[in-house]
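Next comes my_file.txt, a file with compact mmCIF, C-alpha atoms and all ligand atoms.
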# COMPACT_ATOMS: atom_id res chain seq x y z
CA MET A 23 11.88 21.37 -56.33
CA HIS A 24 9.26 23.84 -55.13
CA ASN A 25 5.99 21.94 -54.70
CA PHE A 26 2.94 24.15 -55.29
CA SER A 27 0.63 21.19 -56.02
CA PRO A 28 -3.08 21.59 -55.20
CA GLY A 29 -3.31 18.16 -53.61
CA PRO A 30 -2.05 15.69 -52.81
CA GLY A 31 0.24 18.47 -51.70
CA ILE A 32 3.58 19.04 -50.07
CA LEU A 33 4.27 17.28 -46.75
CA PRO A 34 6.66 18.54 -44.05
CA ALA A 35 10.21 17.31 -44.63
CA PRO A 36 10.52 15.79 -41.10
CA VAL A 37 7.35 13.79 -41.77
CA ILE A 38 8.80 12.32 -44.98
CA ALA A 39 11.98 11.45 -43.05
CA GLN A 40 10.00 9.70 -40.29
CA ILE A 41 7.98 7.71 -42.82
CA GLY A 42 11.29 6.57 -44.33
CA ALA A 43 12.46 5.39 -40.93
CA ASP A 44 9.19 3.59 -40.09
CA LEU A 45 8.84 1.80 -43.42
CA PRO A 46 11.38 -0.98 -42.74
CA GLU A 47 10.42 -1.30 -39.06
CA PHE A 48 7.84 0.59 -37.03
CA GLY A 49 9.03 1.13 -33.44
CA SER A 50 9.85 -2.23 -31.90
CA THR A 51 7.12 -4.12 -33.75
CA GLY A 52 9.54 -5.99 -36.00
CA THR A 53 7.29 -5.14 -38.95
CA SER A 54 6.87 -2.28 -41.37
CA ILE A 55 4.25 0.36 -40.54
CA LEU A 56 2.49 -1.03 -43.64
CA GLU A 57 2.23 -4.46 -42.03
CA VAL A 58 0.75 -3.54 -38.65
CA SER A 59 -2.77 -4.89 -38.11
CA HIS A 60 -5.36 -2.31 -37.18
CA ARG A 61 -6.57 -4.40 -34.24
CA THR A 62 -3.27 -4.31 -32.35
CA PRO A 63 -1.90 -2.01 -29.63
CA PRO A 64 0.70 -0.36 -31.94
CA PHE A 65 -1.98 0.80 -34.40
CA GLU A 66 -4.38 1.72 -31.60
CA ALA A 67 -1.62 3.99 -30.29
CA VAL A 68 -1.34 5.57 -33.75
CA ILE A 69 -5.03 6.32 -34.21
CA ASP A 70 -5.34 7.46 -30.58
CA GLU A 71 -2.45 9.89 -31.00
CA ALA A 72 -3.81 11.20 -34.31
CA GLU A 73 -7.12 11.96 -32.58
CA ARG A 74 -5.43 13.41 -29.50
CA ASN A 75 -3.26 15.72 -31.61
CA LEU A 76 -6.31 16.90 -33.57
CA ARG A 77 -8.20 17.50 -30.33
CA THR A 78 -5.32 19.58 -28.98
CA LEU A 79 -4.73 21.58 -32.16
CA LEU A 80 -8.37 22.30 -32.91
CA LYS A 81 -9.55 22.43 -29.27
CA ILE A 82 -12.23 19.91 -30.20
CA PRO A 83 -15.02 20.01 -27.58
CA ALA A 84 -15.63 16.85 -25.53
CA ASP A 85 -19.04 16.31 -27.09
CA TYR A 86 -17.62 15.95 -30.61
CA ARG A 87 -16.46 12.66 -32.19
CA VAL A 88 -13.49 12.38 -34.53
CA LEU A 89 -13.74 9.97 -37.46
CA PHE A 90 -11.08 8.75 -39.88
CA GLN A 91 -12.85 7.63 -43.01
CA GLN A 92 -12.18 6.48 -46.55
CA GLY A 93 -13.82 7.74 -49.72
CA GLY A 94 -12.39 11.25 -49.72
CA ALA A 95 -14.31 14.44 -49.10
CA SER A 96 -16.41 13.31 -52.07
CA LEU A 97 -17.92 10.51 -50.00
CA GLN A 98 -18.86 13.09 -47.38
CA PHE A 99 -20.82 14.87 -50.14
CA ALA A 100 -22.98 11.73 -50.25
CA MET A 101 -22.95 10.93 -46.53
CA VAL A 102 -24.09 14.37 -45.40
CA PRO A 103 -27.48 14.27 -47.17
CA TYR A 104 -27.80 10.50 -46.70
CA ASN A 105 -27.64 11.00 -42.93
CA PHE A 106 -29.16 14.42 -42.36
CA LEU A 107 -31.35 15.50 -45.28
CA ARG A 108 -34.94 14.81 -44.20
CA ARG A 109 -36.81 17.65 -45.92
CA SER A 110 -34.62 20.49 -47.16
CA ALA A 111 -31.00 21.62 -46.87
CA ASP A 112 -29.26 24.84 -47.90
CA TYR A 113 -26.02 24.88 -49.90
CA VAL A 114 -23.62 27.76 -50.44
CA VAL A 115 -22.18 27.25 -53.91
CA ALA A 116 -19.07 29.43 -54.13
CA GLY A 117 -17.07 27.19 -56.42
CA THR A 118 -16.63 23.76 -57.95
CA TRP A 119 -16.55 21.77 -54.72
CA GLY A 120 -19.59 23.43 -53.19
CA LYS A 121 -21.41 22.72 -56.45
CA LYS A 122 -20.46 19.06 -56.37
CA ALA A 123 -21.66 18.77 -52.78
CA TRP A 124 -24.99 20.34 -53.73
CA GLU A 125 -25.37 18.05 -56.76
CA ASP A 126 -24.95 14.97 -54.60
CA ALA A 127 -27.52 16.27 -52.12
CA ARG A 128 -30.04 16.56 -54.97
CA ARG A 129 -29.41 12.93 -55.90
CA SER A 130 -29.51 11.57 -52.36
CA PRO A 131 -31.95 8.76 -51.49
CA PRO A 132 -34.56 10.34 -49.17
CA ILE A 133 -34.87 9.21 -45.55
CA THR A 134 -38.63 9.70 -45.88
CA GLY A 135 -40.82 11.65 -48.33
CA THR A 136 -39.36 14.13 -50.77
CA ILE A 137 -36.23 16.16 -50.28
CA ALA A 138 -34.92 19.45 -51.59
CA ALA A 139 -31.39 20.81 -51.79
CA ARG A 140 -31.59 24.58 -52.14
CA VAL A 141 -28.86 26.90 -53.35
CA ALA A 142 -28.58 29.52 -50.60
CA TRP A 143 -26.15 31.54 -52.71
CA SER A 144 -24.16 31.00 -55.90
CA GLY A 145 -21.00 32.71 -57.08
CA ALA A 146 -21.46 31.59 -60.71
CA ASP A 147 -22.60 34.97 -62.05
CA GLU A 148 -19.48 36.64 -60.71
CA GLY A 149 -17.06 34.06 -62.08
CA TRP A 150 -16.58 32.42 -58.66
CA SER A 151 -14.61 35.45 -57.49
CA ARG A 152 -15.88 35.79 -53.94
CA MET A 153 -17.68 34.36 -50.93
CA PRO A 154 -21.09 35.68 -49.80
CA SER A 155 -21.88 37.80 -46.76
CA ASP A 156 -24.57 36.55 -44.38
CA SER A 157 -27.07 39.12 -45.62
CA GLU A 158 -26.86 37.65 -49.14
CA LEU A 159 -27.76 34.11 -48.08
CA SER A 160 -31.26 32.91 -48.80
CA LEU A 161 -31.76 30.77 -45.72
CA ASP A 162 -34.57 28.41 -44.81
CA PRO A 163 -34.98 28.74 -41.02
CA ASP A 164 -36.22 25.14 -40.92
CA ALA A 165 -33.42 23.67 -43.05
CA ASP A 166 -31.92 20.39 -41.89
CA TYR A 167 -28.47 21.98 -42.26
CA LEU A 168 -26.49 24.55 -44.21
CA HIS A 169 -23.44 23.27 -46.13
CA TYR A 170 -20.56 25.45 -47.29
CA THR A 171 -16.96 25.08 -48.45
CA SER A 172 -14.56 27.28 -46.47
CA ASN A 173 -11.91 27.29 -49.20
CA GLU A 174 -12.72 26.70 -52.85
CA THR A 175 -9.53 25.01 -54.01
CA ILE A 176 -10.00 25.46 -57.74
CA GLU A 177 -11.12 29.08 -57.91
CA GLY A 178 -9.05 30.29 -54.93
CA VAL A 179 -11.72 31.95 -52.78
CA GLN A 180 -11.83 31.48 -49.03
CA THR A 181 -13.71 32.68 -45.99
CA ALA A 182 -12.90 32.55 -42.30
CA HIS A 183 -16.46 33.58 -41.47
CA VAL A 184 -18.89 30.89 -40.34
CA PRO A 185 -22.38 31.67 -41.69
CA ALA A 186 -24.86 32.73 -39.00
CA THR A 187 -27.75 30.30 -39.36
CA GLY A 188 -29.58 30.52 -36.04
CA ALA A 189 -30.68 27.04 -34.99
CA VAL A 190 -29.78 25.42 -38.33
CA PRO A 191 -26.65 23.22 -37.99
CA VAL A 192 -23.67 24.20 -40.12
CA VAL A 193 -21.74 21.59 -42.11
CA CYS A 194 -18.38 22.61 -43.57
CA ASP A 195 -16.12 21.06 -46.18
CA ALA A 196 -12.73 22.33 -44.99
CA SER A 197 -10.67 20.03 -47.19
CA SER A 198 -8.27 22.64 -48.45
CA ASP A 199 -7.85 24.86 -45.41
CA PHE A 200 -8.04 22.26 -42.65
CA LEU A 201 -5.50 22.93 -39.88
CA SER A 202 -4.35 26.13 -41.57
CA ARG A 203 -5.73 28.33 -38.77
CA PRO A 204 -7.75 28.02 -35.56
CA VAL A 205 -11.50 27.43 -35.91
CA ASP A 206 -14.32 27.52 -33.39
CA LEU A 207 -15.75 24.04 -33.81
CA THR A 208 -18.69 24.77 -31.54
CA ARG A 209 -20.15 26.62 -34.55
CA PHE A 210 -20.39 23.38 -36.56
CA GLY A 211 -22.52 20.28 -36.48
CA LEU A 212 -20.06 18.59 -38.82
CA TYR A 213 -16.65 19.71 -40.05
CA TYR A 214 -14.80 17.49 -42.51
CA ALA A 215 -11.68 17.46 -44.65
CA GLY A 216 -9.75 15.15 -46.92
CA ALA A 217 -6.24 14.83 -45.51
CA GLN A 218 -4.20 15.21 -48.67
CA LYS A 219 -3.62 18.96 -48.56
CA ASN A 220 -2.72 20.03 -45.01
CA ALA A 221 -3.15 16.94 -42.86
CA GLY A 222 -1.42 14.08 -44.62
CA ALA A 223 -1.65 11.86 -47.67
CA ALA A 224 -4.60 10.80 -49.80
CA GLY A 225 -6.74 7.98 -48.43
CA VAL A 226 -8.23 9.34 -45.24
CA THR A 227 -10.84 11.99 -44.49
CA VAL A 228 -11.26 13.49 -41.04
CA ALA A 229 -14.85 14.15 -39.97
CA ILE A 230 -15.56 15.92 -36.69
CA VAL A 231 -19.20 15.61 -35.70
CA SER A 232 -21.11 16.81 -32.64
CA ASP A 233 -23.17 14.45 -30.52
CA GLY A 234 -26.16 16.73 -31.13
CA MET A 235 -25.73 16.29 -34.89
CA LEU A 236 -25.38 12.52 -34.51
CA GLU A 237 -28.75 12.40 -32.78
CA ARG A 238 -30.33 13.76 -35.98
CA ALA A 239 -28.71 11.16 -38.24
CA ARG A 240 -30.55 8.48 -40.22
CA GLN A 241 -30.75 5.32 -38.14
CA ASN A 242 -30.09 1.83 -39.56
CA GLY A 243 -28.60 3.25 -42.73
CA LEU A 244 -26.05 1.47 -44.90
CA ALA A 245 -23.14 0.78 -42.58
CA MET A 246 -20.36 2.42 -44.55
CA LEU A 247 -22.44 5.55 -45.14
CA SER A 248 -23.70 5.89 -41.59
CA TYR A 249 -22.07 8.35 -39.20
CA PRO A 250 -23.59 6.58 -36.15
CA THR A 251 -22.14 3.24 -37.34
CA GLN A 252 -18.72 4.76 -38.00
CA VAL A 253 -18.75 6.43 -34.57
CA ALA A 254 -19.85 3.20 -32.85
CA GLY A 255 -16.97 1.39 -34.58
CA LYS A 256 -14.49 4.11 -33.55
CA SER A 257 -13.45 4.48 -37.23
CA MET A 258 -12.81 0.73 -37.35
CA HIS A 259 -16.14 -0.60 -38.54
CA ASN A 260 -14.00 -2.00 -41.33
CA THR A 261 -10.24 -1.83 -41.92
CA PRO A 262 -9.28 1.84 -41.71
CA PRO A 263 -6.71 3.41 -44.08
CA CYS A 264 -3.96 2.64 -41.56
CA PHE A 265 -1.02 4.16 -43.38
CA ALA A 266 -2.88 7.39 -44.12
CA VAL A 267 -4.00 7.66 -40.47
CA TYR A 268 -0.39 7.15 -39.39
CA ILE A 269 0.66 10.08 -41.62
CA VAL A 270 -2.05 12.28 -40.08
CA MET A 271 -0.51 11.38 -36.72
CA LEU A 272 2.92 12.53 -37.92
CA VAL A 273 1.66 15.75 -39.54
CA THR A 274 -0.39 16.74 -36.48
CA ARG A 275 2.60 15.96 -34.25
CA TRP A 276 4.70 18.27 -36.46
CA LEU A 277 2.06 20.99 -36.24
CA ARG A 278 1.90 20.68 -32.47
CA ASP A 279 5.61 20.35 -31.65
CA GLU A 280 7.52 22.05 -34.45
CA VAL A 281 5.11 24.72 -35.68
CA GLY A 282 3.67 25.43 -32.24
CA GLY A 283 -0.05 25.10 -33.01
CA LEU A 284 -2.61 26.63 -35.31
CA GLU A 285 -2.17 30.28 -34.31
CA ALA A 286 1.50 30.03 -35.32
CA MET A 287 0.51 28.14 -38.49
CA ALA A 288 -2.02 30.85 -39.38
CA ASP A 289 0.65 33.55 -38.96
CA ARG A 290 2.99 31.69 -41.30
CA ASN A 291 0.24 31.18 -43.85
CA THR A 292 -0.82 34.83 -43.78
CA PHE A 293 2.79 35.88 -44.26
CA LYS A 294 3.39 33.49 -47.18
CA ALA A 295 0.19 34.47 -48.99
CA GLY A 296 0.93 38.17 -48.38
CA ARG A 297 4.24 37.78 -50.17
CA LEU A 298 2.67 36.14 -53.20
CA TYR A 299 -0.34 38.45 -53.52
CA GLY A 300 2.06 41.37 -53.03
CA ALA A 301 3.99 40.17 -56.08
CA ILE A 302 0.76 39.87 -58.08
CA ASP A 303 -0.48 43.33 -57.09
CA GLY A 304 2.94 44.88 -57.58
CA SER A 305 3.28 43.65 -61.16
CA ALA A 306 1.60 46.70 -62.76
CA GLY A 307 -1.21 44.49 -64.06
CA PHE A 308 0.95 41.80 -65.67
CA TYR A 309 -0.42 39.27 -63.17
CA ARG A 310 -4.12 39.54 -62.30
CA GLY A 311 -5.58 37.81 -59.24
CA CYS A 312 -8.80 35.87 -59.96
CA ALA A 313 -10.46 36.36 -56.58
CA ARG A 314 -11.54 39.71 -55.20
CA PRO A 315 -8.93 40.90 -52.71
CA HIS A 316 -10.94 40.31 -49.50
CA HIS A 317 -11.90 36.83 -50.64
CA ARG A 318 -8.49 35.62 -51.68
CA SER A 319 -7.48 32.20 -50.51
CA LEU A 320 -4.39 31.91 -48.35
CA MET A 321 -4.09 28.31 -49.54
CA ASN A 322 -4.64 28.48 -53.32
CA ALA A 323 -3.64 31.73 -55.02
CA THR A 324 -5.19 31.88 -58.50
CA PHE A 325 -4.05 34.42 -61.08
CA ARG A 326 -3.77 35.00 -64.81
CA LEU A 327 -1.23 36.40 -67.21
CA PRO A 328 -2.06 38.75 -70.12
CA THR A 329 -2.63 35.89 -72.60
CA PRO A 330 -3.00 32.09 -72.60
CA GLU A 331 0.11 31.94 -74.78
CA LEU A 332 2.16 33.69 -72.09
CA GLU A 333 0.70 31.32 -69.50
CA ALA A 334 1.92 28.36 -71.54
CA ILE A 335 5.43 29.84 -71.61
CA PHE A 336 5.17 30.59 -67.87
CA PHE A 337 4.41 26.94 -67.14
CA SER A 338 7.17 25.50 -69.27
CA GLU A 339 9.80 27.93 -67.96
CA SER A 340 8.75 27.53 -64.33
CA GLU A 341 8.74 23.75 -64.63
CA SER A 342 12.23 23.75 -66.08
CA GLN A 343 13.33 25.78 -63.05
CA GLY A 344 11.93 23.32 -60.52
CA PHE A 345 8.44 24.64 -59.81
CA VAL A 346 5.80 21.91 -59.58
CA GLY A 347 1.99 22.07 -59.66
CA LEU A 348 1.39 25.64 -60.88
CA ARG A 349 -1.05 24.84 -63.68
CA GLY A 350 -4.57 25.96 -62.80
CA HIS A 351 -7.38 23.42 -62.77
CA ARG A 352 -8.27 22.36 -66.33
CA ALA A 353 -11.81 23.76 -65.95
CA PHE A 354 -10.68 27.16 -64.62
CA GLY A 355 -7.36 27.82 -66.33
CA GLY A 356 -4.72 30.33 -65.30
CA VAL A 357 -2.08 29.77 -62.65
CA ARG A 358 -2.75 28.31 -59.22
CA ALA A 359 -0.06 28.38 -56.56
CA SER A 360 -1.07 26.23 -53.61
CA LEU A 361 0.53 27.44 -50.40
CA TYR A 362 -0.28 24.62 -48.00
CA ASN A 363 1.06 24.49 -44.45
CA ALA A 364 4.21 22.56 -45.30
CA LEU A 365 5.32 24.87 -48.12
CA PRO A 366 8.39 26.79 -46.92
CA ILE A 367 8.62 30.57 -47.30
CA GLU A 368 11.76 29.97 -49.39
CA SER A 369 9.58 28.40 -52.09
CA VAL A 370 7.27 31.43 -52.12
CA ASP A 371 10.27 33.75 -52.39
CA ALA A 372 11.69 31.67 -55.22
CA LEU A 373 8.35 31.90 -57.04
CA THR A 374 7.99 35.66 -56.60
CA GLN A 375 11.55 36.14 -57.92
CA PHE A 376 10.75 33.94 -60.91
CA MET A 377 7.52 35.90 -61.50
CA ALA A 378 9.30 39.26 -61.38
CA GLU A 379 11.93 38.08 -63.83
CA PHE A 380 9.29 36.56 -66.11
CA ALA A 381 7.28 39.80 -66.15
CA ARG A 382 10.44 41.80 -66.87
CA THR A 383 11.42 39.63 -69.84
CA HIS A 384 7.93 38.98 -71.26
CA GLY A 385 6.01 42.11 -70.20
C1 LIG B 1 -12.58 21.70 -51.05
C2 LIG B 1 -12.54 20.30 -51.59
N1 LIG B 1 -13.58 19.48 -51.38
C3 LIG B 1 -13.60 18.23 -51.84
C4 LIG B 1 -12.56 17.71 -52.57
C5 LIG B 1 -12.63 16.30 -53.07
O1 LIG B 1 -11.76 15.52 -52.34
P1 LIG B 1 -11.52 13.99 -52.70
O2 LIG B 1 -10.89 13.96 -54.04
O3 LIG B 1 -10.61 13.53 -51.61
O4 LIG B 1 -12.83 13.32 -52.65
C6 LIG B 1 -11.45 18.52 -52.83
C7 LIG B 1 -10.31 17.99 -53.61
O5 LIG B 1 -9.44 18.69 -54.06
C8 LIG B 1 -11.44 19.85 -52.33
O6 LIG B 1 -10.40 20.65 -52.56
Show me this structure written as structure tokens.
Amino acid sequence: MHNFSPGPGILPAPVIAQIGADLPEFGSTGTSILEVSHRTPPFEAVIDEAERNLRTLLKIPADYRVLFQQGGASLQFAMVPYNFLRRSADYVVAGTWGKKAWEDARRSPPITGTIAARVAWSGADEGWSRMPSDSELSLDPDADYLHYTSNETIEGVQTAHVPATGAVPVVCDASSDFLSRPVDLTRFGLYYAGAQKNAGAAGVTVAIVSDGMLERARQNGLAMLSYPTQVAGKSMHNTPPCFAVYIVMLVTRWLRDEVGGLEAMADRNTFKAGRLYGAIDGSAGFYRGCARPHHRSLMNATFRLPTPELEAIFFSESESQGFVGLRGHRAFGGVRASLYNALPIESVDALTQFMAEFARTHG
């Protein structure tokens, strides 16, 4: 099978093999990895290594904390305003996920007084086909923070640029391009990602937050929603998603030891995406990319065929030939090929061959 699923997505084969080995007995514990208590040295070693690997891969500065949390990136949509929105925050809405984050900010219970969640830029009028440049952002210089989504998973637009906001802290939802390339974390107050695309399985969200940002957080808030409480509990204020944290440990170990770090990962990802977009652009218009070329996602390539009827045939034929997860999101339509870190180049080549043959026979 060739797994192009948008998430939960493909995991590295050596990681699946290691999980298989650790399921009956984890190390010399005499118990399955599923049966290890979180308050024991074997699990402490797991969560410590997961954090250490992330710190190495992302060069996380010493004054940043790493959290492993439940609730998905969607809970971060609620936690960000709950903790940091005192008066007004700016949201870049470049796709479905940025919009959902903004909607939760509007609904957030105020810390004091009234709150506003402003749209600093929206891609709606252009069919979610691109990311904004800094000069297009309508920024409030006194905003509590600016929130943006570095890769819009559904529409397939991505940016490597961190918005220039002056003194306003930047918060990023990096769920679908986490660990796909190096990032300069010093540019962020908070950087978060659900694990189930590039970092592991569903069930855990990594949040990397600066000490400076933590100082701004709501104090004495509801425990499970409070970054300071989660940091004080070292991600163990309550039972953490142990199995999912363990998989993050394995995936980050694979990235460090077998891939060779995030620069090498970024090179692979650029190469893979180049192959697929090359096939789209070389199809004489049979396949049409949804995003504008400079804004194309290296993680989720979205494209359309000449008609919805042909797309339906494309899905059924590709599925019968072993391709999984190519149907676009139900709200957006078209084809979406997700090219996460663990997807081998062989799968991309198999897809481009299938696409060429499909265009030849149906074009
Ligand atoms: C960019 C982005 N943000 C947020 C989410 C929501 O994540 P979750 O379902 O883990 O809450 C997703 C899920 O696909 C996503 O791709």
Neighbourhood of ligand LIG 1 (chain B) at 7 Å, counting all atoms listed in the file, reported as an MDAnalysis selection string: chainID A and resid 29 93:97 119 171 173:175 195:198 216 224
Resulting file, chosen residues, C-alpha atoms, as a tab-separated table (two decimals), keeping the file's coordinate frame:
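Now in again_4.tsv:
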chain	number	residue	atom	x	y	z
A	29	GLY	CA	-3.31	18.16	-53.61
A	93	GLY	CA	-13.82	7.74	-49.72
A	94	GLY	CA	-12.39	11.25	-49.72
A	95	ALA	CA	-14.31	14.44	-49.10
A	96	SER	CA	-16.41	13.31	-52.07
A	97	LEU	CA	-17.92	10.51	-50.00
A	119	TRP	CA	-16.55	21.77	-54.72
A	171	THR	CA	-16.96	25.08	-48.45
A	173	ASN	CA	-11.91	27.29	-49.20
A	174	GLU	CA	-12.72	26.70	-52.85
A	175	THR	CA	-9.53	25.01	-54.01
A	195	ASP	CA	-16.12	21.06	-46.18
A	196	ALA	CA	-12.73	22.33	-44.99
A	197	SER	CA	-10.67	20.03	-47.19
A	198	SER	CA	-8.27	22.64	-48.45
A	216	GLY	CA	-9.75	15.15	-46.92
A	224	ALA	CA	-4.60	10.80	-49.80
My list of candidates is A:Gly355, A:Gly385, A:Pro330, A:Pro250. Which is closest to A:Gly307 when distances are computed with only C-alpha atoms?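 With only C-alpha atoms as the atom set, the closest residue is A:Gly385.
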Just checking: using all atoms listed in the file, which residue out of A:Pro154, A:Gly145, A:Gly178, A:Pro64 ends up closest to A:Ala313? A:Gly178
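Nearest residue to A:Arg61 among A:Arg318, A:Lys219, A:Lys256, A:Arg326 is A:Lys256, counting all atoms listed in the file.
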One-decimal distance in Å that lies between atom CA of A:Phe325 and atom CA of A:Val273: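 Separating atom CA of A:Val273 from atom CA of A:Phe325 is a distance of 29.1 Å.
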Between A:Ala72, A:Leu373, A:Val58, A:Val226, which has the minimum distance to A:Arg278 (counting only C-alpha atoms)?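 Answer, going by the shortest atom-to-atom distance: A:Ala72.
Taking atom CA of A:Gln91 and atom CA of A:Val253 as endpoints, the distance between them is 10.4 Å.
Reported to one decimal place, the separation of atom CA of A:Ile32 from atom CA of A:Arg290 is 15.4 Å.
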Taking only C-alpha atoms into account, which of A:Gln92, A:Thr292, A:Ser151, A:Asn25 comes nearest A:Ser340? A:Asn25
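Between A:Ala359 and the residues A:Val267, A:Ala100, A:Ile176, A:Ala67, the shortest atom-to-atom distance, using all atoms listed in the file, involves A:Ile176.
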Here's a test: counting all atoms listed in the file, identify every protein, DNA and RNA residue with an atom at most 8 Å from (-33.2, 28.2, -44.6) in the file's coordinate frame, and state them as number ranges by chain. A: 111-112, 142, 160-165, 168, 187, 190
Near stretch 282-284 of chain A, within 12 Å and counting only C-alpha atoms, which residues show up once chain neighbours fewer than 2 positions away are dropped, as a ChimeraX atom specification? /A:75-81,199-206,220,273-280,286-292,363
Name the residues, using the chain letters and numbers of the file, that sit within 12 Å of (-2.3, 40.0, -71.7) when counting all atoms listed in the file, and give them as a count of residues only. 17
Would you output stretch 162-185 of chain A from that structure, restricted to C-alpha atoms, as an mmCIF file, in the first residue's frame?
data_model
loop_
_atom_site.group_PDB
_atom_site.id
_atom_site.type_symbol
_atom_site.label_atom_id
_atom_site.label_comp_id
_atom_site.auth_asym_id
_atom_site.auth_seq_id
_atom_site.Cartn_x
_atom_site.Cartn_y
_atom_site.Cartn_z
ATOM 1 C CA ASP A 162 -2.397 45.574 16.032
ATOM 2 C CA PRO A 163 0.945 46.646 17.568
ATOM 3 C CA ASP A 164 -0.545 46.077 21.023
ATOM 4 C CA ALA A 165 -2.025 42.641 20.293
ATOM 5 C CA ASP A 166 -1.585 39.979 22.960
ATOM 6 C CA TYR A 167 -0.281 37.648 20.240
ATOM 7 C CA LEU A 168 -0.538 36.813 16.550
ATOM 8 C CA HIS A 169 -1.679 33.276 15.672
ATOM 9 C CA TYR A 170 -1.065 31.587 12.326
ATOM 10 C CA THR A 171 -1.062 28.096 10.816
ATOM 11 C CA SER A 172 2.195 27.301 9.004
ATOM 12 C CA ASN A 173 0.622 24.591 6.846
ATOM 13 C CA GLU A 174 -3.075 24.494 6.035
ATOM 14 C CA THR A 175 -3.630 20.752 5.762
ATOM 15 C CA ILE A 176 -6.953 20.829 3.939
ATOM 16 C CA GLU A 177 -6.272 23.454 1.285
ATOM 17 C CA GLY A 178 -2.560 22.633 0.841
ATOM 18 C CA VAL A 179 -0.959 26.050 1.375
ATOM 19 C CA GLN A 180 2.182 26.478 3.434
ATOM 20 C CA THR A 181 4.669 29.128 4.457
ATOM 21 C CA ALA A 182 8.161 28.894 5.879
ATOM 22 C CA HIS A 183 8.087 32.606 6.678
ATOM 23 C CA VAL A 184 7.423 33.658 10.269
ATOM 24 C CA PRO A 185 5.359 36.874 10.298
#
